[in-house]
Amino acid sequence: MSETNSQKEWRTAITSNQDGKILIRGYNLDNLIGNKSYAEVCFLLLKGEMPTPNEAKMLDAIFVSSIDAGIATPSSVAARTIFSGGNSLNAAVAGGILTLGDAHGGAIEKAAKMFQDYLKGKENIKDNDIAQMAKNIVDDAVKNKKRLAGYGHKLHTVDPRTKRLLEVAKDLNFGGSYVKLAVAIADEFRVKKPEQKLPLNVDGCIAAIISDMGFDYRLGKGFFIIARSCGLVGQVFEEWMREKPFRRLAPHLHEYDGVPERG
Ligand SMILES: CC(C)(COP(=O)(O)OP(=O)(O)OC[C@H]1O[C@@H](n2cnc3c(N)ncnc32)[C@H](O)[C@@H]1OP(=O)(O)O)[C@@H](O)C(=O)NCCC(=O)NCCS
């Protein structure tokens, strides 16, 4: 990079777009189109290098696992409601994305931070030490009434997406120390809080796998955003095609419980 360039205010090492040529991390987009999958190019863009075949399959599986979870999720309800208020598809999808916080999709970031805080630099840790680490983490959570990101679910006592993702991760050799710690914490919750049924949910599972893949925890929410954007586009388009504008809660779903009429 020349000195003049390095002093420019807006700099990027991701994509260059000059003289009619678009290069992503140095690869000509013309050659990626038709030759590489969306997941492969996402990996390239986010990590800087082309994925191995196993990395590409793993990332693709992560995207598929989070593509949609039905109409009742906070993001889908928000996106459809915004659209039904008379807004555009992009505004509605963006509104859906804004719901992705610590309880919905965004838990990937917090869970990955927790796993990476405990394990970064200690990836060759022995299984016994992982089990002890999980015990300490859960003891601390129970004692201090902490909610651990990546555990628990509104509907599932076993998250079906976690089950399948763990199988895929094992087949593709991404069942390393982070995945082992994530599973050991869920096992420990089963012992310490059996009545509450706190499974490793899809966010926690993705958090562990992306950590085993070497991604920074701060990208955590990004994986969910990439995956769920497609689901939200579908939800909003369906709202557009099927429903009349102005969604309103049905009377049996809401009530007024404030003060009665006053003089
Ligand atoms: C997903 C979630 C909102 C579902 O909540 P829920 O099923 O309605 O559970 P509740 O909020 O009623 O909590 C029930 C009990 O389990 C405990 N609990 C729930 N999730 C917990 C977690 N992740 N870690 C520790 N304890 C948890 C609560 O503290 C509560 O304990 P108490 O009965 O002693 O008060 C909740 O589990 C959570 O906040 N998880 C962490 C965020 C996360 O991973 N989100 C991604 C979801 S896919």
# chains A, B, ... in the order shown; residues from 1 in each chain; ligands from 1

$ residues_near_ligand --ligand "ligand 1" --cutoff "7 Å" --atoms "only C-alpha atoms and all ligand atoms" --output "JSON, numbers by chain"
{"A": [102, 103, 104, 105, 107, 141, 145, 146, 147, 148, 149, 150, 151, 152, 153, 154, 196, 198, 201, 202, 203, 204]}

$ write_last_selection --atoms "all heavy atoms" --output "compact mmCIF listing (two decimals), in the first residue's frame"
# COMPACT_ATOMS: atom_id res chain seq x y z
N ASP A 102 -29.85 -10.48 22.70
CA ASP A 102 -29.30 -11.56 23.55
C ASP A 102 -30.22 -12.78 23.66
O ASP A 102 -29.76 -13.88 23.93
CB ASP A 102 -29.04 -11.02 24.96
CG ASP A 102 -27.89 -10.03 24.96
OD1 ASP A 102 -27.19 -9.93 23.93
OD2 ASP A 102 -27.72 -9.34 25.99
N ALA A 103 -31.55 -12.57 23.49
CA ALA A 103 -32.44 -13.71 23.63
C ALA A 103 -32.77 -14.38 22.30
O ALA A 103 -33.28 -15.50 22.27
CB ALA A 103 -33.74 -13.26 24.30
N HIS A 104 -32.49 -13.75 21.18
CA HIS A 104 -32.93 -14.27 19.88
C HIS A 104 -31.81 -14.09 18.86
O HIS A 104 -31.57 -12.97 18.40
CB HIS A 104 -34.21 -13.51 19.46
CG HIS A 104 -34.75 -13.85 18.09
ND1 HIS A 104 -34.70 -15.11 17.54
CD2 HIS A 104 -35.38 -13.07 17.17
CE1 HIS A 104 -35.27 -15.09 16.35
NE2 HIS A 104 -35.68 -13.86 16.09
N GLY A 105 -31.13 -15.17 18.55
CA GLY A 105 -30.09 -15.11 17.51
C GLY A 105 -28.79 -14.47 17.98
O GLY A 105 -27.71 -14.99 17.74
N ALA A 107 -27.58 -14.40 20.81
CA ALA A 107 -26.89 -15.13 21.88
C ALA A 107 -25.61 -15.79 21.36
O ALA A 107 -24.74 -16.17 22.15
CB ALA A 107 -27.84 -16.16 22.48
N ALA A 141 -23.02 -20.11 37.62
CA ALA A 141 -24.28 -19.60 37.07
C ALA A 141 -25.44 -19.85 38.04
O ALA A 141 -26.28 -18.98 38.26
CB ALA A 141 -24.56 -20.25 35.71
N LYS A 145 -27.26 -16.91 39.97
CA LYS A 145 -28.47 -16.75 39.15
C LYS A 145 -28.16 -16.08 37.82
O LYS A 145 -28.80 -15.11 37.41
CB LYS A 145 -29.53 -15.94 39.91
CG LYS A 145 -30.06 -16.62 41.15
CD LYS A 145 -31.36 -15.97 41.63
CE LYS A 145 -31.97 -16.64 42.84
NZ LYS A 145 -32.21 -18.08 42.73
N LYS A 146 -27.12 -16.60 37.15
CA LYS A 146 -26.75 -16.04 35.84
C LYS A 146 -27.43 -16.84 34.74
O LYS A 146 -27.50 -18.07 34.83
CB LYS A 146 -25.23 -16.19 35.62
CG LYS A 146 -24.40 -15.16 36.32
CD LYS A 146 -22.96 -15.31 35.82
CE LYS A 146 -21.96 -14.69 36.76
NZ LYS A 146 -20.62 -15.26 36.62
N ARG A 147 -27.86 -16.17 33.71
CA ARG A 147 -28.37 -16.84 32.51
C ARG A 147 -27.21 -17.03 31.56
O ARG A 147 -26.58 -16.04 31.16
CB ARG A 147 -29.37 -15.93 31.82
CG ARG A 147 -30.75 -16.47 31.75
CD ARG A 147 -31.71 -15.39 31.32
NE ARG A 147 -32.87 -15.47 32.17
CZ ARG A 147 -34.02 -16.05 31.79
NH1 ARG A 147 -34.18 -16.48 30.57
NH2 ARG A 147 -35.03 -16.14 32.62
N LEU A 148 -26.92 -18.25 31.16
CA LEU A 148 -25.82 -18.46 30.22
C LEU A 148 -26.34 -18.40 28.80
O LEU A 148 -27.27 -19.15 28.44
CB LEU A 148 -25.14 -19.81 30.46
CG LEU A 148 -24.41 -19.99 31.80
CD1 LEU A 148 -23.61 -21.29 31.77
CD2 LEU A 148 -23.49 -18.82 32.11
N ALA A 149 -25.77 -17.52 28.00
CA ALA A 149 -26.17 -17.43 26.59
C ALA A 149 -25.91 -18.76 25.91
O ALA A 149 -24.90 -19.42 26.16
CB ALA A 149 -25.36 -16.33 25.90
N GLY A 150 -26.87 -19.17 25.07
CA GLY A 150 -26.68 -20.41 24.33
C GLY A 150 -27.36 -21.61 24.94
O GLY A 150 -27.29 -22.72 24.41
N TYR A 151 -28.06 -21.39 26.08
CA TYR A 151 -28.74 -22.51 26.76
C TYR A 151 -30.19 -22.13 27.02
O TYR A 151 -30.50 -20.97 27.28
CB TYR A 151 -28.02 -22.86 28.07
CG TYR A 151 -26.63 -23.35 27.77
CD1 TYR A 151 -25.59 -22.44 27.65
CD2 TYR A 151 -26.40 -24.69 27.50
CE1 TYR A 151 -24.32 -22.87 27.28
CE2 TYR A 151 -25.14 -25.13 27.14
CZ TYR A 151 -24.11 -24.21 27.02
OH TYR A 151 -22.88 -24.64 26.63
N GLY A 152 -31.08 -23.14 26.96
CA GLY A 152 -32.50 -22.92 27.19
C GLY A 152 -33.22 -22.66 25.88
O GLY A 152 -32.61 -22.26 24.88
N HIS A 153 -34.52 -22.96 25.88
CA HIS A 153 -35.32 -22.70 24.67
C HIS A 153 -36.78 -22.60 25.05
O HIS A 153 -37.24 -23.29 25.96
CB HIS A 153 -35.12 -23.82 23.63
CG HIS A 153 -35.51 -23.38 22.27
ND1 HIS A 153 -36.82 -23.39 21.83
CD2 HIS A 153 -34.77 -22.89 21.25
CE1 HIS A 153 -36.86 -22.92 20.59
NE2 HIS A 153 -35.63 -22.60 20.22
N LYS A 154 -37.52 -21.74 24.36
CA LYS A 154 -38.95 -21.55 24.64
C LYS A 154 -39.76 -22.81 24.32
O LYS A 154 -40.74 -23.10 24.98
CB LYS A 154 -39.51 -20.40 23.80
CG LYS A 154 -39.21 -19.04 24.35
CD LYS A 154 -40.26 -18.60 25.35
CE LYS A 154 -39.88 -17.26 25.97
NZ LYS A 154 -40.47 -17.07 27.28
N GLN A 196 -35.34 -27.56 35.01
CA GLN A 196 -35.47 -26.44 34.07
C GLN A 196 -35.15 -26.80 32.62
O GLN A 196 -35.40 -26.02 31.73
CB GLN A 196 -34.60 -25.27 34.52
CG GLN A 196 -35.35 -24.47 35.56
CD GLN A 196 -34.43 -23.77 36.52
OE1 GLN A 196 -33.22 -23.89 36.41
NE2 GLN A 196 -35.00 -23.06 37.44
N LEU A 198 -32.44 -27.17 30.33
CA LEU A 198 -31.72 -26.11 29.62
C LEU A 198 -30.79 -26.72 28.57
O LEU A 198 -29.60 -26.94 28.83
CB LEU A 198 -30.91 -25.27 30.63
CG LEU A 198 -31.74 -24.50 31.66
CD1 LEU A 198 -30.85 -23.88 32.72
CD2 LEU A 198 -32.59 -23.44 30.98
N ASN A 201 -28.81 -24.67 22.93
CA ASN A 201 -29.69 -24.29 21.81
C ASN A 201 -28.86 -23.99 20.56
O ASN A 201 -27.63 -24.03 20.59
CB ASN A 201 -30.61 -23.12 22.21
CG ASN A 201 -29.84 -21.87 22.61
OD1 ASN A 201 -28.86 -21.51 21.96
ND2 ASN A 201 -30.28 -21.20 23.67
N VAL A 202 -29.57 -23.69 19.46
CA VAL A 202 -28.86 -23.55 18.18
C VAL A 202 -27.83 -22.41 18.25
O VAL A 202 -26.74 -22.51 17.68
CB VAL A 202 -29.86 -23.37 17.01
CG1 VAL A 202 -30.57 -22.02 17.08
CG2 VAL A 202 -29.20 -23.54 15.66
N ASP A 203 -28.15 -21.34 19.00
CA ASP A 203 -27.19 -20.23 19.11
C ASP A 203 -25.91 -20.69 19.80
O ASP A 203 -24.79 -20.38 19.37
CB ASP A 203 -27.79 -19.07 19.93
CG ASP A 203 -28.86 -18.29 19.19
OD1 ASP A 203 -29.37 -18.81 18.20
OD2 ASP A 203 -29.18 -17.18 19.63
N GLY A 204 -26.09 -21.42 20.90
CA GLY A 204 -24.91 -21.89 21.66
C GLY A 204 -24.09 -22.86 20.83
O GLY A 204 -22.85 -22.86 20.86

$ residues_around --residues "A:Lys163" --least-positions-apart "2" --cutoff "10 Å" --atoms "only C-alpha atoms" --output "MDAnalysis selection string"
chainID A and resid 158:161 165:168 200:202 205

$ closest_residue --among "A:Asp127, A:Asp60, A:Glu109, A:Asp171" --to "A:Lys221" --atoms "only C-alpha atoms"
A:Glu109

$ residues_around --residues "A:Ile82" --least-positions-apart "4" --cutoff "10 Å" --atoms "only C-alpha atoms" --output "PyMOL selection string"
chain A and resi 76-78+86-89+91-96+236+245-247

$ atom_distance --atom1 "atom CA of A:Ile226" --atom2 "atom CA of A:Ala79"
15.6 Å

$ select_by_dssp --residues "stretch 13-251 of chain A" --states "strand (DSSP E or B)" --output "list of chain:residue names"
A:Thr15, A:Ser16, A:Asn17, A:Gln18, A:Lys21, A:Ile22, A:Leu23, A:Ile24, A:Tyr27, A:Asn28, A:Tyr151, A:Leu200

$ write_last_selection --atoms "C-alpha atoms" --output "PDB file, in the first residue's frame"
ATOM      1  CA  THR A  15     -12.848  -5.928  -1.760  1.00  0.00           C
ATOM      2  CA  SER A  16     -11.178  -3.815  -4.398  1.00  0.00           C
ATOM      3  CA  ASN A  17     -13.259  -2.410  -7.216  1.00  0.00           C
ATOM      4  CA  GLN A  18     -11.039  -0.762  -9.794  1.00  0.00           C
ATOM      5  CA  LYS A  21     -12.460  -5.592 -11.881  1.00  0.00           C
ATOM      6  CA  ILE A  22     -13.968  -6.641  -8.540  1.00  0.00           C
ATOM      7  CA  LEU A  23     -11.564  -8.628  -6.360  1.00  0.00           C
ATOM      8  CA  ILE A  24     -12.758 -10.176  -3.081  1.00  0.00           C
ATOM      9  CA  TYR A  27     -10.000 -13.329  -5.939  1.00  0.00           C
ATOM     10  CA  ASN A  28     -11.682 -12.049  -9.085  1.00  0.00           C
ATOM     11  CA  TYR A 151     -28.744 -22.506  26.755  1.00  0.00           C
ATOM     12  CA  LEU A 200     -27.631 -26.324  24.302  1.00  0.00           C
TER      13      LEU A 200
END

$ select_by_dssp --residues "stretch 4-133 of chain A" --states "helix (DSSP H, G or I)" --output "ChimeraX atom specification"
/A:4-6,29-32,38-47,53-65,74-84,89-98,107-119,127-133
